[in-house]
Structure formats: C-alpha cells, structure tokens
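Visitor: I'm passing along coords_22.cif; it holds mmCIF, C-alpha atoms and all ligand atoms.
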data_my_file
loop_
_atom_site.label_atom_id
_atom_site.label_comp_id
_atom_site.auth_asym_id
_atom_site.auth_seq_id
_atom_site.Cartn_x
_atom_site.Cartn_y
_atom_site.Cartn_z
CA MET A 6 102.73 0.68 131.87
CA GLU A 7 104.94 3.42 133.36
CA PHE A 8 102.87 6.61 133.82
CA ILE A 9 105.79 8.97 134.33
CA ASP A 10 108.71 9.21 131.91
CA GLU A 11 111.65 7.40 133.58
CA LYS A 12 113.98 10.42 133.29
CA ILE A 13 111.33 12.74 134.74
CA GLU A 14 110.81 10.33 137.63
CA THR A 15 114.57 10.15 138.30
CA TYR A 16 114.85 13.94 138.14
CA SER A 17 111.87 14.30 140.51
CA LEU A 18 113.37 11.82 142.98
CA THR A 19 116.79 13.48 142.96
CA HIS A 20 115.06 16.76 143.79
CA SER A 21 112.99 15.27 146.61
CA GLN A 22 113.80 14.28 150.16
CA PRO A 23 115.91 11.08 149.96
CA GLU A 24 114.72 7.76 151.35
CA THR A 25 115.65 7.35 155.01
CA ASP A 26 118.03 4.53 155.92
CA ILE A 27 115.20 2.32 157.23
CA LEU A 28 113.11 2.82 154.07
CA LYS A 29 116.18 2.02 151.92
CA LYS A 30 116.68 -1.14 153.97
CA ILE A 31 113.02 -2.22 153.61
CA ASN A 32 113.22 -1.58 149.86
CA ARG A 33 116.44 -3.62 149.55
CA GLU A 34 115.29 -6.52 151.75
CA THR A 35 111.85 -6.70 150.14
CA PHE A 36 113.41 -7.00 146.67
CA ALA A 37 115.95 -9.56 147.95
CA LYS A 38 113.73 -11.77 150.11
CA VAL A 39 109.99 -11.27 149.55
CA LEU A 40 107.61 -12.37 146.79
CA MET A 41 106.13 -9.68 144.53
CA PRO A 42 108.39 -6.79 145.63
CA ARG A 43 106.72 -4.42 143.16
CA MET A 44 103.83 -4.20 145.67
CA LEU A 45 105.98 -1.93 147.86
CA SER A 46 105.03 1.75 147.56
CA GLY A 47 108.60 2.93 146.91
CA HIS A 48 110.39 6.26 147.10
CA LEU A 49 108.10 8.48 144.98
CA GLN A 50 104.75 7.29 146.39
CA GLY A 51 106.24 6.98 149.86
CA ASN A 52 107.15 10.65 149.75
CA VAL A 53 103.61 11.53 148.57
CA LEU A 54 102.04 9.56 151.45
CA SER A 55 104.44 11.02 153.99
CA MET A 56 103.82 14.57 152.75
CA PHE A 57 99.99 14.09 152.75
CA SER A 58 100.19 12.77 156.29
CA LYS A 59 102.29 15.74 157.42
CA MET A 60 99.70 18.09 155.85
CA ILE A 61 96.73 16.32 157.48
CA LYS A 62 98.46 15.86 160.87
CA PRO A 63 96.38 12.77 161.75
CA MET A 64 95.75 11.35 165.22
CA GLN A 65 94.52 8.00 163.87
CA ILE A 66 95.44 6.26 160.61
CA LEU A 67 94.20 2.89 159.33
CA GLU A 68 96.18 1.03 156.67
CA ILE A 69 94.73 -2.06 154.95
CA GLY A 70 97.66 -4.03 153.46
CA THR A 71 100.93 -3.63 155.43
CA TYR A 72 103.11 -5.91 153.27
CA THR A 73 106.69 -5.10 154.45
CA GLY A 74 105.77 -1.87 156.23
CA TYR A 75 107.10 0.72 153.78
CA SER A 76 103.91 2.78 153.39
CA ALA A 77 103.06 2.41 157.10
CA ILE A 78 106.37 4.05 158.05
CA CYS A 79 105.79 6.83 155.49
CA LEU A 80 102.24 7.52 156.72
CA ALA A 81 103.31 7.47 160.37
CA GLN A 82 105.64 10.44 159.71
CA GLY A 83 102.71 12.89 160.00
CA LEU A 84 101.14 11.49 163.19
CA GLN A 85 100.51 13.99 165.95
CA GLN A 86 102.04 13.34 169.33
CA GLY A 87 100.08 10.47 170.90
CA GLY A 88 98.72 9.47 167.48
CA LYS A 89 98.47 5.86 166.24
CA LEU A 90 98.65 4.00 162.97
CA HIS A 91 96.72 0.74 162.74
CA THR A 92 97.86 -1.58 159.97
CA ILE A 93 96.47 -4.96 158.90
CA ASP A 94 97.90 -7.76 156.77
CA ILE A 95 96.73 -11.30 156.18
CA ASN A 96 100.26 -12.60 155.51
CA GLU A 97 101.56 -13.90 158.84
CA GLU A 98 104.88 -14.98 157.28
CA LEU A 99 106.03 -11.35 157.11
CA GLU A 100 105.17 -10.54 160.74
CA LYS A 101 108.62 -11.01 162.30
CA MET A 102 110.37 -9.01 159.59
CA VAL A 103 107.79 -6.19 159.68
CA ARG A 104 107.84 -5.90 163.49
CA GLY A 105 111.64 -5.66 163.25
CA PHE A 106 111.37 -2.80 160.72
CA PHE A 107 108.85 -0.90 162.91
CA GLU A 108 111.18 -1.35 165.89
CA GLU A 109 114.19 -0.11 163.90
CA ALA A 110 112.18 2.90 162.69
CA GLY A 111 111.44 3.74 166.35
CA LEU A 112 107.71 3.42 165.66
CA SER A 113 106.68 0.28 167.57
CA ASP A 114 104.79 2.31 170.17
CA LYS A 115 102.91 4.29 167.48
CA ILE A 116 101.92 1.34 165.28
CA THR A 117 99.33 -1.32 166.10
CA TYR A 118 99.96 -4.18 163.71
CA TYR A 119 97.26 -6.81 163.17
CA THR A 120 97.76 -10.06 161.26
CA GLY A 121 94.60 -11.55 159.76
CA ASN A 122 91.83 -10.80 157.33
CA ALA A 123 91.05 -7.08 157.24
CA LEU A 124 87.39 -7.83 156.50
CA THR A 125 86.98 -9.42 159.93
CA ILE A 126 89.42 -7.19 161.84
CA ILE A 127 88.13 -3.75 160.75
CA PRO A 128 84.66 -4.08 162.41
CA ASP A 129 86.41 -4.65 165.77
CA ILE A 130 88.52 -1.45 165.58
CA SER A 131 86.57 1.30 167.28
CA GLU A 132 88.73 4.36 166.42
CA THR A 133 87.68 7.28 164.23
CA PHE A 134 90.23 7.80 161.46
CA ASP A 135 91.71 10.90 159.85
CA ILE A 136 93.28 8.84 157.06
CA VAL A 137 92.50 5.36 155.73
CA PHE A 138 94.93 3.89 153.19
CA ILE A 139 93.43 0.97 151.22
CA ASP A 140 96.15 -1.17 149.61
CA ALA A 141 95.14 -4.84 149.93
CA ASP A 142 93.34 -7.32 147.61
CA LYS A 143 91.72 -5.43 144.77
CA LYS A 144 88.50 -7.46 144.59
CA ASN A 145 87.55 -6.25 148.07
CA TYR A 146 88.25 -2.53 147.52
CA ALA A 147 84.56 -1.61 147.50
CA LYS A 148 83.94 -3.70 150.64
CA TYR A 149 86.82 -1.98 152.47
CA TYR A 150 85.47 1.43 151.44
CA ASP A 151 82.02 0.57 152.81
CA LEU A 152 83.46 -0.99 155.98
CA VAL A 153 85.60 2.03 156.86
CA PHE A 154 83.33 4.83 155.69
CA ASP A 155 81.51 5.41 158.99
CA LYS A 156 84.81 5.21 160.86
CA VAL A 157 86.28 8.16 158.94
CA ARG A 158 85.71 11.59 160.45
CA SER A 159 84.06 14.33 158.44
CA GLY A 160 86.96 16.03 156.57
CA GLY A 161 88.99 12.79 156.77
CA TYR A 162 90.54 11.01 153.78
CA ILE A 163 90.28 7.58 152.20
CA ILE A 164 93.30 7.06 149.93
CA THR A 165 93.32 3.98 147.71
CA ASP A 166 96.31 2.60 145.80
CA ASN A 167 96.66 0.98 142.35
CA VAL A 168 93.45 2.45 140.95
CA LEU A 169 94.96 2.68 137.43
CA TRP A 170 96.10 -0.96 137.63
CA SER A 171 98.95 -0.52 135.13
CA GLY A 172 96.53 1.19 132.72
CA LYS A 173 94.25 -1.88 132.46
CA VAL A 174 91.27 0.25 133.57
CA LEU A 175 91.32 1.67 130.01
CA GLU A 176 90.46 -1.72 128.48
CA GLN A 177 86.97 -2.39 127.12
CA ALA A 178 84.74 -3.71 129.92
CA GLU A 179 84.23 -7.13 128.28
CA LYS A 180 88.01 -7.64 128.00
CA MET A 181 88.82 -6.74 131.62
CA ASP A 182 89.92 -9.48 134.03
CA ALA A 183 88.19 -9.76 137.43
CA GLU A 184 90.64 -7.53 139.31
CA THR A 185 90.51 -4.78 136.69
CA LYS A 186 86.68 -4.92 136.76
CA ALA A 187 86.73 -4.58 140.55
CA ILE A 188 89.05 -1.57 140.42
CA ASP A 189 87.07 0.10 137.63
CA ALA A 190 83.83 -0.46 139.57
CA PHE A 191 85.50 0.94 142.69
CA ASN A 192 86.62 4.10 140.84
CA LYS A 193 83.08 4.62 139.53
CA LYS A 194 81.57 3.99 142.98
CA VAL A 195 83.79 6.64 144.62
CA ASN A 196 83.28 9.09 141.76
CA ASP A 197 79.47 8.71 142.10
CA ASP A 198 79.51 8.97 145.90
CA GLU A 199 78.06 12.35 146.83
CA ARG A 200 79.33 12.01 150.39
CA VAL A 201 82.92 12.64 149.21
CA GLU A 202 85.00 15.00 147.09
CA ASN A 203 87.46 12.92 145.08
CA MET A 204 90.36 13.05 142.66
CA LEU A 205 92.32 10.33 140.93
CA LEU A 206 95.99 11.25 141.19
CA PRO A 207 98.06 9.57 138.44
CA VAL A 208 101.12 8.99 140.62
CA ARG A 209 102.84 5.60 140.23
CA ASP A 210 99.90 3.15 139.75
CA GLY A 211 97.21 5.72 140.61
CA LEU A 212 95.94 6.96 143.97
CA MET A 213 92.21 7.68 144.49
CA ILE A 214 91.90 10.45 147.06
CA ALA A 215 88.43 10.76 148.61
CA ARG A 216 87.70 13.43 151.21
CA LYS A 217 84.61 12.82 153.33
CA LYS A 218 82.40 15.94 153.32
C1 LIG A 301 100.13 -4.11 147.69
S1 LIG A 301 100.56 -4.93 149.16
C2 LIG A 301 100.64 -3.59 150.31
C3 LIG A 301 101.85 -2.71 150.06
C4 LIG A 301 102.15 -1.75 151.17
N1 LIG A 301 100.98 -0.96 151.54
C5 LIG A 301 103.24 -0.80 150.71
O1 LIG A 301 102.89 0.22 150.08
O2 LIG A 301 104.43 -1.07 150.91
C6 LIG A 301 99.04 -5.72 149.56
C7 LIG A 301 99.03 -6.49 150.87
O3 LIG A 301 97.67 -6.77 151.18
C8 LIG A 301 97.63 -7.98 151.91
N2 LIG A 301 96.25 -8.53 151.87
C9 LIG A 301 95.63 -9.15 150.84
N3 LIG A 301 94.38 -9.51 151.20
C10 LIG A 301 94.22 -9.11 152.49
C11 LIG A 301 93.15 -9.20 153.43
N4 LIG A 301 91.97 -9.77 153.11
N5 LIG A 301 93.33 -8.68 154.65
C12 LIG A 301 94.51 -8.08 155.00
N6 LIG A 301 95.55 -7.98 154.15
C13 LIG A 301 95.41 -8.47 152.91
C14 LIG A 301 98.67 -8.86 151.22
O4 LIG A 301 99.11 -9.90 152.08
C15 LIG A 301 99.76 -7.84 150.85
O5 LIG A 301 100.81 -7.84 151.80
#
What is this file in structure tokens?
Ligand SMILES: C[S@@+](CC[C@H](N)C(=O)[O-])C[C@H]1O[C@@H](n2cnc3c(N)ncnc32)[C@H](O)[C@@H]1O
Guide:
Amino acid sequence: MEFIDEKIETYSLTHSQPETDILKKINRETFAKVLMPRMLSGHLQGNVLSMFSKMIKPMQILEIGTYTGYSAICLAQGLQQGGKLHTIDINEELEKMVRGFFEEAGLSDKITYYTGNALTIIPDISETFDIVFIDADKKNYAKYYDLVFDKVRSGGYIITDNVLWSGKVLEQAEKMDAETKAIDAFNKKVNDDERVENMLLPVRDGLMIARKK
C-alpha cells in the first residue's frame, strides 16, 4: 500500500533538498546488489530523519538496524560537534560495504558500527541517548523499546519505523500474521505508555515518534 499519492510524493521530493551524492550511491548500490532493497529508508524518509536530527541536535544517537547505512548517514547530519551515532546490524555480510559508505560520507569518526544481535549488544552500550531509531526485526520491537527506554534521556526521542506495515495493521486481529501482530501490539504499548508523549506519523511506512517525558 502506498500512503502518499505518487504524484504528490514526486512533487514533495522535487521541492525538498535533493539526495546527496553518497545517499544516491547507497540507494543505487543497494537496489543493484543487496537483497530486499525496499528496506532502505529512501529520499523522503531520509529527509525527515535528517531534519528531525537537525532540530534535536543530538550528542548521542542509537540506531537498531543499519542495513546499508542510509538512515544512519541521514540521522548523523544533526549530530553536535563531538557527537556519536551508534548503529547495530546482525548482517555481517554488509559490513565491508557499509564501512566504505561511512568512510566516503566522511563520518567514520562519528559512527560506531556494531555487527551482531542488537538484543545482546544494547545492554553493553552505556551512553545516554537523545534519539533512538528502531528499524530492525519487527517481532522484537517491544523488546528493543524496553531495552533502550532507561538509556534515553528525559526529553529524548524513540523513533520506530514501519509501524503501519504496508497497512496490514488495519486487518482484523485474527487475520494478522505474526509480524503484523507484533507491530500492532507495539503501537498499542507505546500509545498506552504514560511515560511518553507519542504520535504516529504516516510518512512512508509509518514512523512512531515517542518523546520521553
Ligand atoms: C529495515 S532494515 C534497516 C534499514 C535502515 N535503517 C535504513 O533505513 O536504511 C532492518 C535491518 O535490521 C537488521 N536486523 C534484523 N534483526 C536484527 C537483530 N536482532 N539485531 C541487529 N540487527 C538486526 C537486518 O539485518 C536489516 O539490515
């Protein structure tokens, strides 16, 4: 399901900051060489993440689900001087390519890239985060939220991708597959969590924005 009319999306993109050369390259190479290229955030959502980051001016960002590095590079645009983005992915096969992209973007010294299971890596990261971006396996969304919650500063943000799951969250509960159930349960969990203010932003596949009170 496309949430935004194609012509409106094209118009919006032609009236927004263009993709940088490195983001264009990541987009092109991901579609040419990597499995499931639709997982990449892309121009519209990349601009949203980059703009949010510039508004928040974070010192520390955590990303769960690096894939080919597109969203990491967008989020890193708002880092304060001396700030760091930590990004985790379980897929070791992409490591060489992703490190090359971070190097080419001039961000190697600002990005700490971990390969492995985020569920075991997150407890060992001792930073306090201004932004956490959750974009890994959907069944663990609620676990990631719980794992990072105490590591987010008061006034910090947890942003979670794909929370509309191509519109499948509208299906009747008994017809939902396991991933859709997990995402729907996650949306309800965040919405019921009195420790945050939240809004579900229907951009691309849906971004849940939760601000820790
Ligand atoms: C949707 S992609 C991330 C897209 C990327 N954030 C972007 O916008 O370009 C999801 C990624 O999560 C990773 N992943 C899945 N399970 C994981 C886990 N348990 N720990 C760390 N990464 C995981 C996958 O290998 C995949 O690269």
Visitor: Excluding stretch 145-149 of chain A and its own-chain neighbours fewer than 4 positions away, which residues fall within 8 Å of it when counting all atoms listed in the file? Please give them as JSON, numbers by chain.
Guide: {"A": [124, 139, 141, 153, 187, 188, 191, 194]}
Visitor: Closest to ligand LIG 301 (chain A) among A:Asn203, A:Asn122, A:Asn167, A:Thr15, using only C-alpha atoms and all ligand atoms?
Guide: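 Ranked by minimum distance to ligand LIG 301 (chain A), first place goes to A:Asn122.
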Visitor: Tell me which protein, DNA and RNA residues are within 10 Å of A:Asp182, counting all atoms listed in the file, leaving out same-chain ones fewer than 6 positions away, and put them as a PyMOL selection string.
Guide: chain A and resi 173-174+176
Visitor: Within 7 Å of ligand LIG 301 (chain A) (counting only C-alpha atoms and all ligand atoms), which residues show up? I'd like them as a list in words.
Guide: Met44, Leu45, Ser46, Ile69, Gly70, Thr71, Tyr72, Thr73, Gly74, Tyr75, Ser76, Ala77, Ile93, Asp94, Ile95, Asn96, Gly121, Asn122, Ala123, Leu124, Asp140, Ala141 and Asp142 of chain A
Visitor: Store the residues of this selection in a file with C-alpha atoms, as a CSV table (one decimal), in the coordinates of the input.
Guide:
chain,number,residue,atom,x,y,z
A,44,MET,CA,103.8,-4.2,145.7
A,45,LEU,CA,106.0,-1.9,147.9
A,46,SER,CA,105.0,1.8,147.6
A,69,ILE,CA,94.7,-2.1,155.0
A,70,GLY,CA,97.7,-4.0,153.5
A,71,THR,CA,100.9,-3.6,155.4
A,72,TYR,CA,103.1,-5.9,153.3
A,73,THR,CA,106.7,-5.1,154.4
A,74,GLY,CA,105.8,-1.9,156.2
A,75,TYR,CA,107.1,0.7,153.8
A,76,SER,CA,103.9,2.8,153.4
A,77,ALA,CA,103.1,2.4,157.1
A,93,ILE,CA,96.5,-5.0,158.9
A,94,ASP,CA,97.9,-7.8,156.8
A,95,ILE,CA,96.7,-11.3,156.2
A,96,ASN,CA,100.3,-12.6,155.5
A,121,GLY,CA,94.6,-11.6,159.8
A,122,ASN,CA,91.8,-10.8,157.3
A,123,ALA,CA,91.0,-7.1,157.2
A,124,LEU,CA,87.4,-7.8,156.5
A,140,ASP,CA,96.2,-1.2,149.6
A,141,ALA,CA,95.1,-4.8,149.9
A,142,ASP,CA,93.3,-7.3,147.6
Visitor: When distances are computed from only C-alpha atoms, which of A:Ser21, A:Val39, A:Lys89, A:Val53 shows the smallest separation from A:Ser113?
Guide: A:Lys89
Visitor: How many Å separate atom CA of A:Lys115 from atom CA of A:Ile136?
Guide: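 Computing it gives 14.9 Å between the two atoms.
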Visitor: Quick one: distance from atom CA of A:Lys62 to atom CA of A:Gly88 in Å, one decimal?
Guide: 9.2 Å
Visitor: Find the spatial neighbours of A:Gly87, counting only C-alpha atoms, within a cut-off of 10 Å - ignore same-chain residues fewer than 4 positions away - and output them as a PyMOL selection string.
Guide: chain A and resi 64-65+114-115
